[in-house]
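Accompanying notes for the structure given below.
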Amino acid sequence: MAKQKIVVRVTMESDKKSRKALRIAVGLDGVESASFVGSDQIAVTGEGIDSVKLATLLRKGVGYTELVTVGNVEEKKPEVKEKKPADAEVTWQISPYEYYYNSYGVPYYYVY
């Protein structure tokens, strides 16, 4: 199955109702993420999400609910950058025990 994104408009007058709506949306099977879009919309992404079940649960728990969009998610392909020999990075390794100890001598925990 392909990932899908569902945007739902929900009437949320208070913070309590908005938290409850987000909790209901995240509780469905297959939901990977849910976030607010604007002040009255929730975007839910995942695989195998039943949009009708989501709308029904939100109507029962919060109030008026309207499906805005239901569609597939376009996945971005990461760009692969090739390193050129001129762009080689220099790595430095510094030993923390290579200090100049003045006249105090080398510490007792320093082993050659």
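Labeling convention for the structure tokens: chains A, B, ... as they appear, residues from 1 per chain, ligands from 1 in order of appearance.
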DSSP helix (DSSP H, G or I) residues within region 27-72 of chain A, as a count of residues only: 11
Neighbour list for Asp29 (chain A) as number ranges by chain, cut-off 8 Å, only C-alpha atoms, skip fewer than 2 positions in-chain: A: 27, 31, 48-49
Please save N, CA and C atoms of the selected residues as a CSV table (one decimal), in the first residue's frame.
```csv
chain,number,residue,atom,x,y,z
A,27,GLY,N,-4.7,7.7,17.2
A,27,GLY,CA,-5.1,6.4,17.7
A,27,GLY,C,-5.5,5.4,16.7
A,31,VAL,N,-1.5,5.0,11.3
A,31,VAL,CA,-1.1,6.4,11.3
A,31,VAL,C,0.3,6.6,11.7
A,48,GLY,N,-2.8,2.7,4.9
A,48,GLY,CA,-4.0,1.9,5.2
A,48,GLY,C,-4.9,2.6,6.1
A,49,ILE,N,-5.0,3.9,6.1
A,49,ILE,CA,-5.9,4.7,7.0
A,49,ILE,C,-7.3,4.7,6.4
```
Shell around region 34-42 of chain A at 6 Å using only C-alpha atoms, local window under 6 positions removed, as JSON, numbers by chain: {"A": [7, 8, 9, 10]}
Write a file of the just-selected residues containing all heavy atoms, as an mmCIF file, in the first residue's frame.
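Writing the result to again.cif gives the following:
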```
data_model
loop_
_atom_site.group_PDB
_atom_site.id
_atom_site.type_symbol
_atom_site.label_atom_id
_atom_site.label_comp_id
_atom_site.auth_asym_id
_atom_site.auth_seq_id
_atom_site.Cartn_x
_atom_site.Cartn_y
_atom_site.Cartn_z
ATOM 1 N N VAL A 7 -6.447 15.223 4.905
ATOM 2 C CA VAL A 7 -6.622 16.503 5.591
ATOM 3 C C VAL A 7 -8.087 16.619 5.974
ATOM 4 O O VAL A 7 -8.978 16.474 5.131
ATOM 5 C CB VAL A 7 -6.198 17.689 4.698
ATOM 6 C CG1 VAL A 7 -6.405 19.005 5.432
ATOM 7 C CG2 VAL A 7 -4.747 17.535 4.284
ATOM 8 N N VAL A 8 -8.329 16.883 7.265
ATOM 9 C CA VAL A 8 -9.675 16.926 7.814
ATOM 10 C C VAL A 8 -9.895 18.278 8.476
ATOM 11 O O VAL A 8 -9.049 18.754 9.230
ATOM 12 C CB VAL A 8 -9.865 15.806 8.868
ATOM 13 C CG1 VAL A 8 -11.278 15.790 9.393
ATOM 14 C CG2 VAL A 8 -9.514 14.459 8.301
ATOM 15 N N ARG A 9 -11.045 18.906 8.176
ATOM 16 C CA ARG A 9 -11.403 20.161 8.839
ATOM 17 C C ARG A 9 -12.341 19.826 10.003
ATOM 18 O O ARG A 9 -13.362 19.181 9.833
ATOM 19 C CB ARG A 9 -12.105 21.113 7.875
ATOM 20 C CG ARG A 9 -12.490 22.432 8.537
ATOM 21 C CD ARG A 9 -13.114 23.415 7.569
ATOM 22 N NE ARG A 9 -12.109 23.845 6.607
ATOM 23 C CZ ARG A 9 -12.262 23.768 5.290
ATOM 24 N NH1 ARG A 9 -13.367 23.283 4.772
ATOM 25 N NH2 ARG A 9 -11.312 24.179 4.485
ATOM 26 N N VAL A 10 -11.943 20.255 11.196
ATOM 27 C CA VAL A 10 -12.696 19.943 12.407
ATOM 28 C C VAL A 10 -12.969 21.243 13.151
ATOM 29 O O VAL A 10 -12.095 22.100 13.256
ATOM 30 C CB VAL A 10 -11.894 18.980 13.325
ATOM 31 C CG1 VAL A 10 -12.701 18.600 14.544
ATOM 32 C CG2 VAL A 10 -11.470 17.752 12.571
#
```
Tell me, as a short mmCIF file (atom, residue, chain, number, x, y, z; two decimals) with N, CA and C atoms, in the first residue's frame, which residues lie within 9 Å of region 65-74 of chain A, counting only C-alpha atoms; anything in the same chain fewer than 5 positions away does not count.
```cif
data_model
loop_
_atom_site.label_atom_id
_atom_site.label_comp_id
_atom_site.auth_asym_id
_atom_site.auth_seq_id
_atom_site.Cartn_x
_atom_site.Cartn_y
_atom_site.Cartn_z
N ALA A 2 0.37 2.27 -0.60
CA ALA A 2 1.11 3.53 -0.66
C ALA A 2 0.71 4.41 0.51
N LYS A 3 1.62 5.28 0.87
CA LYS A 3 1.31 6.23 1.93
C LYS A 3 0.26 7.20 1.44
N GLN A 4 -0.62 7.58 2.33
CA GLN A 4 -1.63 8.54 1.96
C GLN A 4 -1.71 9.66 2.99
N LYS A 5 -2.17 10.80 2.52
CA LYS A 5 -2.31 11.97 3.38
C LYS A 5 -3.77 12.40 3.36
N ILE A 6 -4.33 12.53 4.56
CA ILE A 6 -5.72 12.92 4.70
C ILE A 6 -5.76 14.24 5.47
N VAL A 7 -6.45 15.22 4.91
CA VAL A 7 -6.62 16.50 5.59
C VAL A 7 -8.09 16.62 5.97
N VAL A 8 -8.33 16.88 7.26
CA VAL A 8 -9.68 16.93 7.81
C VAL A 8 -9.90 18.28 8.48
N ARG A 9 -11.04 18.91 8.18
CA ARG A 9 -11.40 20.16 8.84
C ARG A 9 -12.34 19.83 10.00
N VAL A 10 -11.94 20.26 11.20
CA VAL A 10 -12.70 19.94 12.41
C VAL A 10 -12.97 21.24 13.15
N THR A 11 -14.19 21.38 13.69
CA THR A 11 -14.48 22.57 14.50
C THR A 11 -13.92 22.34 15.90
N GLN A 41 -7.65 22.58 10.85
CA GLN A 41 -7.44 21.39 10.03
C GLN A 41 -6.37 20.50 10.63
N THR A 45 -0.98 11.38 8.08
CA THR A 45 -0.29 10.60 7.07
C THR A 45 -0.03 9.19 7.60
N GLY A 46 -0.05 8.22 6.68
CA GLY A 46 0.20 6.83 7.07
C GLY A 46 -0.23 5.89 5.97
N SER A 51 -10.39 6.70 5.86
CA SER A 51 -10.77 8.11 6.02
C SER A 51 -12.19 8.26 6.57
N VAL A 52 -13.07 7.35 6.21
CA VAL A 52 -14.45 7.42 6.71
C VAL A 52 -14.47 7.14 8.21
N ALA A 55 -13.17 10.23 10.02
CA ALA A 55 -14.18 11.30 10.08
C ALA A 55 -15.29 10.96 11.07
N THR A 56 -15.72 9.70 11.09
CA THR A 56 -16.79 9.29 12.01
C THR A 56 -16.35 9.43 13.47
N LEU A 58 -14.02 11.37 14.67
CA LEU A 58 -13.87 12.79 15.01
C LEU A 58 -15.23 13.46 15.19
N ARG A 59 -16.22 13.07 14.40
CA ARG A 59 -17.57 13.63 14.57
C ARG A 59 -18.16 13.25 15.92
#
```
One-decimal distance in Å that lies between CA of Val26 (chain A) and CA of Val44 (chain A):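 These atoms are spaced 8.0 Å apart.
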